[in-house]
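As stored in coords_30.txt (compact mmCIF, C-alpha atoms):
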# COMPACT_ATOMS: atom_id res chain seq x y z
CA ASP A 205 -13.12 -76.60 67.72
CA GLU A 206 -13.06 -80.40 67.40
CA SER A 207 -12.86 -80.46 63.60
CA ALA A 208 -10.62 -82.83 61.68
CA GLY A 209 -9.96 -83.47 58.02
CA PHE A 210 -11.27 -86.60 56.35
CA ILE A 211 -11.88 -88.06 52.91
CA ILE A 212 -15.14 -89.59 51.69
CA SER A 213 -15.34 -91.94 48.70
CA LEU A 214 -18.75 -92.57 47.15
CA ALA A 215 -20.00 -95.01 44.55
CA SER A 216 -23.50 -95.13 43.13
CA GLN A 217 -25.28 -96.85 40.28
CA ASP A 218 -27.69 -93.92 40.04
CA PRO A 219 -26.17 -91.15 37.84
CA ASP A 220 -28.29 -88.50 39.60
CA THR A 221 -26.91 -89.21 43.06
CA SER A 222 -25.59 -86.18 44.91
CA LEU A 223 -23.96 -85.42 48.21
CA THR A 224 -24.51 -82.24 50.16
CA VAL A 225 -21.94 -81.22 52.74
CA CYS A 226 -22.92 -78.86 55.52
CA GLY A 227 -21.23 -77.58 58.65
CA LEU A 228 -21.98 -79.16 61.99
CA LYS A 229 -22.91 -76.43 64.45
CA CYS A 230 -22.85 -78.61 67.55
CA GLY A 231 -21.75 -82.23 67.41
CA GLY A 232 -23.03 -83.10 70.84
CA LEU A 233 -22.48 -86.11 73.02
CA LEU A 234 -23.24 -88.71 70.34
CA LEU A 235 -20.49 -87.41 68.02
CA GLU A 236 -18.03 -87.15 70.93
CA LYS A 237 -18.72 -90.75 71.96
CA THR A 238 -18.45 -91.99 68.37
CA VAL A 239 -15.07 -90.34 67.74
CA THR A 240 -13.81 -91.54 71.14
CA ARG A 241 -14.92 -95.14 70.56
CA ASN A 242 -13.44 -95.14 67.05
CA ALA A 243 -10.03 -94.01 68.34
CA ILE A 244 -10.06 -96.61 71.12
CA GLU A 245 -10.92 -99.38 68.67
CA ALA A 246 -8.24 -98.19 66.20
CA ASP A 247 -5.34 -98.41 68.68
CA LYS A 248 -4.73 -102.03 69.68
CA HIS A 249 -1.73 -101.11 71.85
CA PRO A 250 -2.48 -97.98 73.92
CA THR A 251 0.19 -96.49 76.15
CA ARG A 252 -0.07 -95.93 79.89
CA VAL A 253 0.29 -92.42 81.26
CA LYS A 254 3.50 -91.94 83.24
CA GLY A 255 2.81 -92.01 86.96
CA ILE A 256 -0.54 -93.83 86.87
CA ASN A 257 -1.45 -97.31 85.63
CA ASN A 258 -5.19 -96.83 85.16
CA VAL A 259 -5.04 -94.07 82.53
CA LEU A 260 -4.45 -94.99 78.89
CA VAL A 261 -3.61 -92.89 75.83
CA TYR A 262 -5.12 -94.10 72.55
CA LYS A 263 -3.88 -92.74 69.23
CA GLU A 264 -5.88 -93.06 66.04
CA VAL A 265 -3.61 -92.41 63.07
CA THR A 266 -4.91 -91.67 59.57
CA GLU A 267 -3.13 -90.23 56.55
CA ASN A 268 -4.29 -86.69 57.35
CA ARG A 269 -4.95 -86.65 61.09
CA ILE A 270 -4.06 -88.09 64.48
CA THR A 271 -6.58 -88.13 67.32
CA PHE A 272 -5.54 -88.69 70.92
CA VAL A 273 -8.07 -90.09 73.39
CA LEU A 274 -7.53 -90.43 77.15
CA GLN A 275 -9.27 -93.22 79.06
CA ASN A 276 -9.40 -93.06 82.86
CA LYS A 277 -10.17 -96.46 84.41
CA SER A 278 -9.47 -95.28 87.96
CA GLU A 279 -11.92 -94.46 90.74
CA GLY A 280 -10.97 -90.76 90.81
CA SER A 281 -10.65 -87.85 88.41
CA VAL A 282 -7.18 -87.05 87.05
CA ASN A 283 -5.45 -84.18 85.29
CA ILE A 284 -3.20 -85.24 82.43
CA GLN A 285 -0.65 -82.96 80.80
CA MET A 286 -0.14 -83.56 77.09
CA ASP A 287 3.13 -82.25 75.65
CA LEU A 288 3.46 -81.94 71.86
CA SER A 289 6.13 -79.23 72.01
CA ARG A 290 8.82 -81.35 70.30
CA SER A 291 6.56 -81.94 67.29
CA THR A 292 7.14 -80.10 64.02
CA GLY A 293 4.85 -79.09 61.16
CA ILE A 294 1.61 -79.65 63.11
CA VAL A 295 -1.49 -77.77 64.22
CA THR A 296 -3.90 -78.83 66.93
CA ASN A 297 -7.26 -77.72 68.22
CA LYS A 298 -5.55 -76.48 71.42
CA LEU A 299 -4.12 -73.01 72.07
CA SER A 300 -0.74 -74.41 73.11
CA ARG A 301 1.26 -77.55 72.35
CA VAL A 302 1.45 -78.20 76.11
CA PHE A 303 -1.98 -78.44 77.72
CA THR A 304 -3.80 -80.13 80.59
CA VAL A 305 -6.93 -82.24 80.24
CA GLY A 306 -9.17 -83.20 83.16
CA VAL A 307 -10.56 -86.73 82.85
CA SER A 308 -13.40 -87.83 85.12
CA LYS A 309 -13.31 -91.23 86.80
CA LYS A 310 -14.28 -94.22 84.63
CA SER A 311 -14.52 -92.09 81.46
CA SER A 312 -12.87 -91.40 78.11
CA LEU A 313 -12.51 -88.18 76.16
CA ILE A 314 -10.80 -86.66 73.14
CA ALA A 315 -7.55 -85.01 74.26
CA THR A 316 -6.74 -83.38 70.90
CA HIS A 317 -6.76 -83.66 67.13
CA VAL A 318 -3.43 -83.15 65.32
CA LEU A 319 -3.16 -82.23 61.64
CA PRO A 320 -0.24 -81.31 59.37
CA GLU A 321 0.35 -77.56 59.27
CA SER A 322 0.30 -77.58 55.46
CA GLU A 323 -1.31 -80.20 53.25
CA GLY A 324 1.36 -82.41 51.70
CA ALA A 325 4.15 -80.98 53.89
CA GLY A 326 6.22 -83.14 56.21
CA TRP A 327 5.26 -83.38 59.84
CA ASN A 328 6.66 -85.13 62.87
CA LEU A 329 4.67 -85.90 66.01
CA GLU A 330 6.29 -86.43 69.38
CA ALA A 331 3.79 -86.70 72.21
CA ASP A 332 4.16 -87.22 75.94
CA ALA A 333 1.48 -87.58 78.59
CA LYS A 334 1.94 -87.40 82.36
CA ILE A 335 -0.25 -87.05 85.40
CA ILE A 336 -0.38 -83.69 87.16
CA LYS A 337 -0.63 -84.09 90.94
Structure rendered as structure tokens:
Amino acid sequence: DESAGFIISLASQDPDTSLTVCGLKCGGLLLEKTVTRNAIEADKHPTRVKGINNVLVYKEVTENRITFVLQNKSEGSVNIQMDLSRSTGIVTNKLSRVFTVGVSKKSSLIATHVLPESEGAGWNLEADAKIIK
């Protein structure tokens, strides 16, 4: 599941304005690209993955969520291990806090979404990314 919490603020001059929220069954490629591009634009100082210069980790930080995006600028596919095991008070959309993501050449993808385990509770994120050879 690629879901993440967010807040929407609306203003309208029409008193009969309404907003209907519905679940998204399948976001598809357009949503994936939009979230990826947004995270890349949000992080002005991405970090390089240990062991390879052409792979960058972007981190979009909001009040309620952190999204990690991996960008592979190299000519070959790579496997990147993300390690969030030293983090506390978090949940992710992955089964484990240590996971591997395959990134195709010249592409970007969402590595994971991180949220606080409980709303309003403290959380600490410590993330590490390295290439798996």
Do you have, as JSON lines, the list of residues of stretch 214-259 of chain A lying at most 12 Å from stretch 286-306 of chain A, each with its nearest atom pair and that distance in Å to one decimal, counting all atoms listed in the file and ordered by chain then number?
{"residue": "A:Val253", "atom": "CA", "partner": "A:Met286", "partner_atom": "CA", "distance": 9.8}
{"residue": "A:Lys254", "atom": "CA", "partner": "A:Met286", "partner_atom": "CA", "distance": 11.0}
{"residue": "A:Val259", "atom": "CA", "partner": "A:Gly306", "partner_atom": "CA", "distance": 11.6}
*Pick the closest to A:Thr240 from A:Leu260, A:Ala331, A:Ile314, A:Ile270: which is it, counting all atoms listed in the file?*
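Using all atoms listed in the file, the shortest distance to A:Thr240 belongs to A:Ile314.
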*Between A:Thr221, A:Ser216, A:Gln285, A:Gln275, which one has atoms that come closest to A:Asp332, using all atoms listed in the file?*
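Between A:Thr221, A:Ser216, A:Gln285, A:Gln275, the residue approaching A:Asp332 most closely is A:Gln285.
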